[in-house]
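Heads up, the thing below is written out as structure tokens.
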Amino acid sequence: MSLKNVKTQSINVGGTDFYYRKLGEDKPGLPIIFLNHLTATMDDCDPKIIEGLASEHPIICFDNRGIGSTGGVTPKNVAEMATDAIAFIKALGYQKVDLFGFSLGGFISQEILLREPQLVRKVILAGTGPAGGAGISKMTPVVIKDVIKGNFTFRNPKFYLFFNSNANGHKAAKSYLKRIKERKENRGGKLKMKHLTHQLEAIKAYGLQAPQDLSVITQTVLVVNGDNDKMVPSSNSYELKNRIKNSEIIIYKDAGHGSIFQNHEDFVKKALEFLAK
């Protein structure tokens, strides 16, 4: 089974149907809940990463409230997004999971970790940062600039937002954008502009809020980023490493916000090793 043809399922959470896809159902590892980035629906999941992790673990990607196929209205703050994610995990019947949060999903993962630590065994935080982190509140103009650039050049904005503007970055971007188009049938709903606006408001508020006490985190955390993240400045990854005592860090050279997509083979290998420890 692959992301290209895995069936889309749904579960009712507090009166809203949440849509999700699950790979690796027969694998013995603890379930991984993947929390995705700004604008992302299930169709934006990278097959190389999701399928790679599904070789040893069940892994679930889902559309949060108001996103893609899931109904309702997207919350305007990260805390409410985390409330939804917690309710979704519990509705699936899980008492313990591993979290893998990328970008906005990393903000949500930290919130879950701080509020429901008993629910989480290990966490991977990629392309993300702490509440109040440097530059996070300024993401909106960065996104808008590259959305406009994408419109003028007929490219997906992620070509510019996730990857460096050099030969390596362009090659990785083209490969990644091709991979996320592999699923041809039964694709999910599109992101509506209203919900994107809510996500951007949530990110700005998260960037402006007071820092959280990450020293209380006892779980093992893997922090991953590129050395040139224009969306969540790479200094935030070092900040997470310094403030979470049981953490380790991978910084990929010549890589940006989408470093895990550019370096998917190495990332999957190291992520599986981390989860197996």
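Following the order of the structure tokens, chains are lettered A, B, ..., residues in each are numbered from 1, and ligands are numbered from 1.
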_Can you tell me which residues surround Phe267 of chain A at a distance of at most 12 Å, considering only C-alpha atoms, apart from same-chain residues fewer than 3 positions away, and format the answer as number ranges by chain?_
A: 48-50, 52-53, 124, 126, 222-226, 249-252, 258-264, 270-274
Any chance you could export the current selection's C-alpha atoms as a PDB file, in the first residue's frame?
ATOM      1  CA  LYS A  48       9.027   9.191   0.321  1.00  0.00           C
ATOM      2  CA  ILE A  49       8.776  10.207   3.970  1.00  0.00           C
ATOM      3  CA  ILE A  50       5.367   8.809   4.901  1.00  0.00           C
ATOM      4  CA  GLY A  52       9.499   5.308   4.523  1.00  0.00           C
ATOM      5  CA  LEU A  53       8.311   5.675   8.113  1.00  0.00           C
ATOM      6  CA  ILE A 124      10.140  14.716  15.766  1.00  0.00           C
ATOM      7  CA  ALA A 126      11.062  19.549  11.735  1.00  0.00           C
ATOM      8  CA  LEU A 222      14.534  14.949  17.488  1.00  0.00           C
ATOM      9  CA  VAL A 223      14.886  18.459  16.025  1.00  0.00           C
ATOM     10  CA  VAL A 224      15.514  18.726  12.269  1.00  0.00           C
ATOM     11  CA  ASN A 225      15.974  21.656   9.903  1.00  0.00           C
ATOM     12  CA  GLY A 226      18.038  23.070   7.086  1.00  0.00           C
ATOM     13  CA  ILE A 249      19.454  17.903  16.412  1.00  0.00           C
ATOM     14  CA  ILE A 250      20.107  17.410  12.701  1.00  0.00           C
ATOM     15  CA  ILE A 251      20.876  20.469  10.559  1.00  0.00           C
ATOM     16  CA  TYR A 252      21.151  19.761   6.836  1.00  0.00           C
ATOM     17  CA  GLY A 258      11.872  21.689   3.344  1.00  0.00           C
ATOM     18  CA  SER A 259      15.182  20.084   4.333  1.00  0.00           C
ATOM     19  CA  ILE A 260      13.492  16.785   5.213  1.00  0.00           C
ATOM     20  CA  PHE A 261      12.078  16.576   1.675  1.00  0.00           C
ATOM     21  CA  GLN A 262      15.407  17.465   0.080  1.00  0.00           C
ATOM     22  CA  ASN A 263      17.208  14.876   2.248  1.00  0.00           C
ATOM     23  CA  HIS A 264      14.383  12.352   2.532  1.00  0.00           C
ATOM     24  CA  LYS A 270      17.754   8.713  11.039  1.00  0.00           C
ATOM     25  CA  ALA A 271      14.103   9.130  12.076  1.00  0.00           C
ATOM     26  CA  LEU A 272      13.596   5.363  12.193  1.00  0.00           C
ATOM     27  CA  GLU A 273      16.801   4.974  14.221  1.00  0.00           C
ATOM     28  CA  PHE A 274      15.591   7.672  16.621  1.00  0.00           C
TER      29      PHE A 274
END
Can I get the residues of segment 13-41 of chain A within 9 Å of segment 187-199 of chain A, each with the closest pair of atoms and their distance in Å to one decimal, using only C-alpha atoms, sorted chain first then ascending number, as JSON lines?
{"residue": "A:Tyr19", "atom": "CA", "partner": "A:Gly188", "partner_atom": "CA", "distance": 8.8}
{"residue": "A:Leu38", "atom": "CA", "partner": "A:Gln199", "partner_atom": "CA", "distance": 6.7}
{"residue": "A:Thr39", "atom": "CA", "partner": "A:Leu196", "partner_atom": "CA", "distance": 6.1}
{"residue": "A:Ala40", "atom": "CA", "partner": "A:Leu191", "partner_atom": "CA", "distance": 7.6}
{"residue": "A:Thr41", "atom": "CA", "partner": "A:Leu191", "partner_atom": "CA", "distance": 7.2}
Dump of N, CA and C atoms for the selected residues, as a compact mmCIF listing (two decimals), in the first residue's frame:
# COMPACT_ATOMS: atom_id res chain seq x y z
N TYR A 19 -10.94 13.64 8.35
CA TYR A 19 -10.50 12.71 7.31
C TYR A 19 -9.01 12.43 7.46
N LEU A 38 1.56 24.69 7.21
CA LEU A 38 0.67 25.73 6.71
C LEU A 38 0.22 25.41 5.29
N THR A 39 -1.06 25.53 5.03
CA THR A 39 -1.73 25.29 3.72
C THR A 39 -1.88 23.81 3.37
N ALA A 40 -1.25 22.91 4.12
CA ALA A 40 -1.18 21.52 3.68
C ALA A 40 -2.44 20.72 3.97
N THR A 41 -2.84 19.92 2.98
CA THR A 41 -3.84 18.88 3.17
C THR A 41 -3.12 17.54 3.11
query: Could you name the residues that touch segment 102-109 of chain A at 10 Å or less, counting only C-alpha atoms, but leaving out those on the same chain fewer than 6 positions away, as a ChimeraX atom specification?
result: /A:33-40,77-86,115,120,123-131,199-200,202-203,206-207,223-225,231-232,257-258,260
Serialized selection, C-alpha atoms, as a PDB file, in the first residue's frame:
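Everything below was put into part-v2.pdb:
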ATOM      1  CA  ILE A  33       0.712  11.020  14.059  1.00  0.00           C
ATOM      2  CA  PHE A  34       1.939  13.378  11.343  1.00  0.00           C
ATOM      3  CA  LEU A  35       0.966  17.032  11.796  1.00  0.00           C
ATOM      4  CA  ASN A  36       1.387  18.983   8.594  1.00  0.00           C
ATOM      5  CA  HIS A  37       2.433  22.478   7.549  1.00  0.00           C
ATOM      6  CA  LEU A  38       0.673  25.733   6.710  1.00  0.00           C
ATOM      7  CA  THR A  39      -1.731  25.287   3.724  1.00  0.00           C
ATOM      8  CA  ALA A  40      -1.181  21.522   3.680  1.00  0.00           C
ATOM      9  CA  ASN A  77      -4.723  29.836  17.373  1.00  0.00           C
ATOM     10  CA  VAL A  78      -2.357  26.908  17.820  1.00  0.00           C
ATOM     11  CA  ALA A  79      -3.871  25.900  21.182  1.00  0.00           C
ATOM     12  CA  GLU A  80      -7.244  25.110  19.580  1.00  0.00           C
ATOM     13  CA  MET A  81      -5.538  23.235  16.756  1.00  0.00           C
ATOM     14  CA  ALA A  82      -3.830  21.113  19.405  1.00  0.00           C
ATOM     15  CA  THR A  83      -7.171  20.521  21.148  1.00  0.00           C
ATOM     16  CA  ASP A  84      -8.539  19.155  17.874  1.00  0.00           C
ATOM     17  CA  ALA A  85      -5.467  16.978  17.291  1.00  0.00           C
ATOM     18  CA  ILE A  86      -5.673  15.532  20.823  1.00  0.00           C
ATOM     19  CA  ARG A 115      -0.682  19.616  27.747  1.00  0.00           C
ATOM     20  CA  VAL A 120       3.290  11.049  23.776  1.00  0.00           C
ATOM     21  CA  VAL A 123       8.557  13.606  19.037  1.00  0.00           C
ATOM     22  CA  ILE A 124      10.140  14.716  15.766  1.00  0.00           C
ATOM     23  CA  LEU A 125      10.066  18.501  15.268  1.00  0.00           C
ATOM     24  CA  ALA A 126      11.062  19.549  11.735  1.00  0.00           C
ATOM     25  CA  GLY A 127      11.289  23.059  10.282  1.00  0.00           C
ATOM     26  CA  THR A 128       9.727  24.548  13.378  1.00  0.00           C
ATOM     27  CA  GLY A 129      10.376  26.556  16.513  1.00  0.00           C
ATOM     28  CA  PRO A 130       9.160  27.488  19.982  1.00  0.00           C
ATOM     29  CA  ALA A 131       6.375  29.897  20.878  1.00  0.00           C
ATOM     30  CA  GLN A 199      -3.726  29.624   9.902  1.00  0.00           C
ATOM     31  CA  LEU A 200      -1.604  32.709   9.264  1.00  0.00           C
ATOM     32  CA  ALA A 202      -2.527  31.486  14.397  1.00  0.00           C
ATOM     33  CA  ILE A 203       1.133  31.476  13.359  1.00  0.00           C
ATOM     34  CA  TYR A 206       2.182  31.926  18.235  1.00  0.00           C
ATOM     35  CA  GLY A 207       5.222  33.983  17.227  1.00  0.00           C
ATOM     36  CA  VAL A 223      14.886  18.459  16.025  1.00  0.00           C
ATOM     37  CA  VAL A 224      15.514  18.726  12.269  1.00  0.00           C
ATOM     38  CA  ASN A 225      15.974  21.656   9.903  1.00  0.00           C
ATOM     39  CA  MET A 231       9.978  30.577   7.023  1.00  0.00           C
ATOM     40  CA  VAL A 232      10.970  29.530  10.558  1.00  0.00           C
ATOM     41  CA  HIS A 257      12.481  24.900   5.321  1.00  0.00           C
ATOM     42  CA  GLY A 258      11.872  21.689   3.344  1.00  0.00           C
ATOM     43  CA  ILE A 260      13.492  16.785   5.213  1.00  0.00           C
TER      44      ILE A 260
END
List the spatial neighbours of Ser215 of chain A as a VMD selection string - criterion: any atom at most 7 Å away, only C-alpha atoms, same-chain residues fewer than 3 positions off excluded. chain A and resid 243 to 245
Export of the given selection (all heavy atoms) as a PDB file, in the first residue's frame:
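See out-v1.pdb below for the written result:
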ATOM      1  N   ARG A 243      16.636  24.144  24.818  1.00  0.00           N
ATOM      2  CA  ARG A 243      15.620  24.235  25.871  1.00  0.00           C
ATOM      3  C   ARG A 243      14.938  22.909  26.204  1.00  0.00           C
ATOM      4  O   ARG A 243      14.268  22.803  27.235  1.00  0.00           O
ATOM      5  CB  ARG A 243      14.573  25.283  25.471  1.00  0.00           C
ATOM      6  CG  ARG A 243      15.132  26.702  25.524  1.00  0.00           C
ATOM      7  CD  ARG A 243      14.224  27.718  24.872  1.00  0.00           C
ATOM      8  NE  ARG A 243      12.885  27.717  25.447  1.00  0.00           N
ATOM      9  CZ  ARG A 243      11.853  28.395  24.923  1.00  0.00           C
ATOM     10  NH1 ARG A 243      12.024  29.101  23.818  1.00  0.00           N
ATOM     11  NH2 ARG A 243      10.670  28.354  25.503  1.00  0.00           N
ATOM     12  N   ILE A 244      15.092  21.917  25.340  1.00  0.00           N
ATOM     13  CA  ILE A 244      14.518  20.587  25.616  1.00  0.00           C
ATOM     14  C   ILE A 244      15.671  19.666  25.966  1.00  0.00           C
ATOM     15  O   ILE A 244      16.524  19.359  25.131  1.00  0.00           O
ATOM     16  CB  ILE A 244      13.744  20.054  24.393  1.00  0.00           C
ATOM     17  CG1 ILE A 244      12.607  21.005  24.027  1.00  0.00           C
ATOM     18  CG2 ILE A 244      13.187  18.658  24.686  1.00  0.00           C
ATOM     19  CD1 ILE A 244      11.893  20.658  22.731  1.00  0.00           C
ATOM     20  N   LYS A 245      15.713  19.207  27.202  1.00  0.00           N
ATOM     21  CA  LYS A 245      16.923  18.539  27.695  1.00  0.00           C
ATOM     22  C   LYS A 245      17.227  17.210  27.000  1.00  0.00           C
ATOM     23  O   LYS A 245      18.375  16.895  26.740  1.00  0.00           O
ATOM     24  CB  LYS A 245      16.880  18.360  29.212  1.00  0.00           C
ATOM     25  CG  LYS A 245      15.633  17.744  29.797  1.00  0.00           C
ATOM     26  CD  LYS A 245      15.731  17.676  31.318  1.00  0.00           C
ATOM     27  CE  LYS A 245      14.438  17.226  31.972  1.00  0.00           C
ATOM     28  NZ  LYS A 245      13.422  18.291  32.000  1.00  0.00           N
TER      29      LYS A 245
END
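Among the candidates A:Leu23, A:Val221, A:Ala255, A:Ala87, the one nearest to Lys171 of chain A when counting only C-alpha atoms is A:Ala255.
Counting from atom CA of Pro157 of chain A, the distance to atom CA of His170 of chain A is 12.4 Å.
Atom CA of Lys122 of chain A lies 4.9 Å from atom CA of Asp98 of chain A.
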Do you know which residues are at most 8 Å from Arg179 of chain A counting only C-alpha atoms, after dropping those on the same chain fewer than 3 positions away, and could you put them as an NGL selection string? :A and (46-48 or 175-176 or 182)
Could the residues in this selection be saved with N, CA and C atoms as a PDB file, in the first residue's frame?
ATOM      1  N   ASP A  46       4.567  14.012   1.717  1.00  0.00           N
ATOM      2  CA  ASP A  46       5.610  13.476   0.842  1.00  0.00           C
ATOM      3  C   ASP A  46       5.610  11.945   0.910  1.00  0.00           C
ATOM      4  N   PRO A  47       5.323  11.266  -0.199  1.00  0.00           N
ATOM      5  CA  PRO A  47       5.290   9.797  -0.179  1.00  0.00           C
ATOM      6  C   PRO A  47       6.597   9.171   0.297  1.00  0.00           C
ATOM      7  N   LYS A  48       7.737   9.771  -0.072  1.00  0.00           N
ATOM      8  CA  LYS A  48       9.027   9.191   0.321  1.00  0.00           C
ATOM      9  C   LYS A  48       9.165   9.139   1.840  1.00  0.00           C
ATOM     10  N   SER A 175      11.604  17.586  -7.683  1.00  0.00           N
ATOM     11  CA  SER A 175      11.374  16.192  -7.307  1.00  0.00           C
ATOM     12  C   SER A 175      10.256  16.074  -6.276  1.00  0.00           C
ATOM     13  N   TYR A 176      10.291  16.928  -5.267  1.00  0.00           N
ATOM     14  CA  TYR A 176       9.266  16.917  -4.217  1.00  0.00           C
ATOM     15  C   TYR A 176       7.885  17.235  -4.785  1.00  0.00           C
ATOM     16  N   GLU A 182       1.647  12.391  -7.202  1.00  0.00           N
ATOM     17  CA  GLU A 182       1.542  10.994  -7.616  1.00  0.00           C
ATOM     18  C   GLU A 182       0.131  10.431  -7.445  1.00  0.00           C
TER      19      GLU A 182
END
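Among A:Glu51, A:Thr16, A:Leu113, A:Tyr94, the residue with the shortest atom-to-atom distance to Gly66 of chain A, counting only C-alpha atoms, is A:Thr16.
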- Message: as a count of residues only, please: every residue in segment 16-244 of chain A that a backbone DSSP assignment puts in helix (DSSP H, G or I).
- Response: 102
Practice prompt. Please provide the set of residues having any atom within 12 Å of Lys7 of chain A, restricted to only C-alpha atoms, with same-chain residues fewer than 6 positions apart removed, written as a PyMOL selection string.
Written response: chain A and resi 1+19-23+42+60-61+183+185-188
Near Pro117 of chain A, within 9 Å and counting only C-alpha atoms, which residues show up once chain neighbours fewer than 3 positions away are dropped, as number ranges by chain? A: 112-114, 120-121, 217-219
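Atom pair atom CA of Lys27 of chain A / atom CA of His57 of chain A has a distance of 5.2 Å (rounded to one decimal).
Closest approach to Lys90 of chain A from the set A:Leu119, A:Pro211, A:Asn156, A:Gly169 is made by A:Leu119, with distances taken over only C-alpha atoms.
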